[in-house]
Amino acid sequence: MNMIRKLGFDKKLLKNIDYSIIFSLIVIAISGLLSIGAATLAFNDGSMQRVIFQGLWFIVSIFLFVIIISFDYNMIGGYYKIIYIVSNLLLVAVLLFGSVRNNAKAWLGIGPFGIQPSEFAKIAIIITIAKLLEDMEDINTFKNLFKIAMVSLIPMALIQLQPDTGTNLIFVMTILGMIFVAGLDLKFIYWSLFTAISSFALIWKLNILKEYQKNRILVFLKPEMDKLGAGYNAYLAKIAIASGKFFGIGLTNSGLTDGKFIPEAPTDFIFCVFAEKFGFIGTLLLLLAYLNIILKGINIAKSSKDKFGMYLTVGILSMFIFQILQNIGMDIGLMPITGIPLPLMSYGGSSLMTTIIAIALVINVGMRKQKINF
């Protein structure tokens, strides 16, 4: 018992857990399982393989959730260098030994049993940047910004070699959220935006982007230009969402998202599956569950007992919010199409596990917002 206390856990900490976050997590994950089942016709023809795999990943992730909240997050942060190095080694390993799926060499494993190291790299970079920011008195120095940039660019370069631009977008938005809260001067943000826009214009002019990437951007700007080609998924996704109306068409009733018309429905377009099946009411409840996690997470960041806990929570929330906005946004035509998953909903064990680990870290910070005297 004394050893457990030294590791940072005591039964007194259980009263500090916000159980509404856990409830929201479970509700969203179950919604994801139902949507994956509907998208793969599991409830009509009995092909339950993806639902079973996702369910098993969820069980393992909950086990890790319990382990993570049992240790003081500062102890976890103390191993940030090891976490960062191991994460990068896994990214190198996937380039050397990984398998190719959807034109990206991003998985380690055999057949359906594999992990996506870039997903776990999200947690590694958040922990690492949070520890670096903790020791920085002023983020607005060349030395500190250069250090953050170098630490970030190594995993991002390895991920881009896969290639996986979507995950790198998550990295960028996550890190921006963290350094903004750390007090980044607005002039750096303005210069970053100018540089990003100029770089994008140059990349477009030099034809560095692949044809499918260009088409996604063009279709986003002008959806009606290619409804049966590059804009097919986005066009049908909006129709599917609208067809759900107020109460949805029902879980087992046939619709556009039943594995027939919309490619990648269980992953990239899982939101339109849920919206079609459960309608406006179901979608509203789903968004409220996401909102509860976000608002409670903000409160935890504000009440954190130290800077590391605050930056850790802010990084996780930045990642979480961006993924939600991007995934749902592309389904309703407000964002360009990317392969960014919807947290806790999209099919994929690595994504599910990463999100649950991230939420466990947020709860960990909230549990230990006050020092406990043993």
# chains A, B, ... in the order shown; residues from 1 in each chain; ligands from 1
call {"tool": "residues_around", "arguments": {"residues": "segment 44-53 of chain A", "least_positions_apart": "4", "cutoff": "7 Å", "atoms": "only C-alpha atoms", "output": "ChimeraX atom specification"}}
result
/A:33,36-37,57,252
call {"tool": "select_by_dssp", "arguments": {"residues": "segment 78-173 of chain A", "states": "strand (DSSP E or B)", "output": "ChimeraX atom specification"}}
result
/A:99-101,104-110,113-115
call {"tool": "write_last_selection", "arguments": {"atoms": "N, CA and C atoms", "output": "mmCIF file, in the first residue's frame"}}
result
data_model
loop_
_atom_site.group_PDB
_atom_site.id
_atom_site.type_symbol
_atom_site.label_atom_id
_atom_site.label_comp_id
_atom_site.auth_asym_id
_atom_site.auth_seq_id
_atom_site.Cartn_x
_atom_site.Cartn_y
_atom_site.Cartn_z
ATOM 1 N N SER A 99 3.398 -1.961 -43.025
ATOM 2 C CA SER A 99 2.553 -2.399 -44.132
ATOM 3 C C SER A 99 1.808 -1.203 -44.721
ATOM 4 N N VAL A 100 1.481 -1.299 -46.003
ATOM 5 C CA VAL A 100 0.828 -0.204 -46.713
ATOM 6 C C VAL A 100 -0.682 -0.427 -46.749
ATOM 7 N N ARG A 101 -1.420 0.598 -46.318
ATOM 8 C CA ARG A 101 -2.875 0.591 -46.417
ATOM 9 C C ARG A 101 -3.309 1.985 -46.855
ATOM 10 N N ALA A 104 -0.605 4.551 -47.731
ATOM 11 C CA ALA A 104 0.282 5.067 -46.683
ATOM 12 C C ALA A 104 0.928 3.893 -45.946
ATOM 13 N N LYS A 105 2.244 4.002 -45.738
ATOM 14 C CA LYS A 105 2.983 2.985 -44.988
ATOM 15 C C LYS A 105 2.991 3.411 -43.529
ATOM 16 N N ALA A 106 1.885 3.094 -42.836
ATOM 17 C CA ALA A 106 1.683 3.670 -41.506
ATOM 18 C C ALA A 106 1.389 2.646 -40.420
ATOM 19 N N TRP A 107 1.407 1.343 -40.748
ATOM 20 C CA TRP A 107 1.005 0.337 -39.764
ATOM 21 C C TRP A 107 2.115 -0.666 -39.498
ATOM 22 N N LEU A 108 2.228 -1.068 -38.243
ATOM 23 C CA LEU A 108 3.114 -2.152 -37.833
ATOM 24 C C LEU A 108 2.246 -3.321 -37.384
ATOM 25 N N GLY A 109 2.478 -4.496 -37.936
ATOM 26 C CA GLY A 109 1.684 -5.649 -37.536
ATOM 27 C C GLY A 109 1.461 -6.583 -38.698
ATOM 28 N N ILE A 110 0.628 -7.584 -38.451
ATOM 29 C CA ILE A 110 0.321 -8.586 -39.459
ATOM 30 C C ILE A 110 -1.183 -8.605 -39.697
ATOM 31 N N PHE A 113 -4.226 -7.261 -37.449
ATOM 32 C CA PHE A 113 -3.674 -6.996 -36.119
ATOM 33 C C PHE A 113 -2.444 -6.090 -36.258
ATOM 34 N N GLY A 114 -2.660 -4.829 -36.032
ATOM 35 C CA GLY A 114 -1.566 -3.881 -36.179
ATOM 36 C C GLY A 114 -1.824 -2.609 -35.404
ATOM 37 N N ILE A 115 -0.755 -1.824 -35.245
ATOM 38 C CA ILE A 115 -0.881 -0.534 -34.582
ATOM 39 C C ILE A 115 -0.398 0.555 -35.535
#
call {"tool": "closest_residue", "arguments": {"among": "A:Ala121, A:Lys147, A:Ala38, A:Asn299", "to": "Thr313 of chain A", "atoms": "only C-alpha atoms"}}
result
A:Asn299
call {"tool": "select_by_dssp", "arguments": {"residues": "segment 45-152 of chain A", "states": "helix (DSSP H, G or I)", "output": "MDAnalysis selection string"}}
result
chainID A and resid 45 49:69 73:77 80:97 117:134 142:152
call {"tool": "atom_distance", "arguments": {"atom1": "atom CA of Gly183 of chain A", "atom2": "atom CA of Phe120 of chain A"}}
result
26.7 Å
call {"tool": "closest_residue", "arguments": {"among": "A:Leu90, A:Ala149, A:Ile68, A:Val362", "to": "Leu295 of chain A", "atoms": "only C-alpha atoms"}}
result
A:Val362
call {"tool": "closest_residue", "arguments": {"among": "A:Asn74, A:Ser118, A:Ser350, A:Gln323", "to": "Val86 of chain A", "atoms": "only C-alpha atoms"}}
result
A:Ser118
call {"tool": "closest_residue", "arguments": {"among": "A:Leu251, A:Ala360, A:Met310, A:Asn88", "to": "Leu34 of chain A", "atoms": "only C-alpha atoms"}}
result
A:Leu251
call {"tool": "closest_residue", "arguments": {"among": "A:Phe97, A:Phe194, A:Phe271, A:Phe280", "to": "Gln326 of chain A", "atoms": "only C-alpha atoms"}}
result
A:Phe271
call {"tool": "closest_residue", "arguments": {"among": "A:Pro117, A:Gly339, A:Gly309, A:Pro266", "to": "Leu158 of chain A", "atoms": "only C-alpha atoms"}}
result
A:Pro117
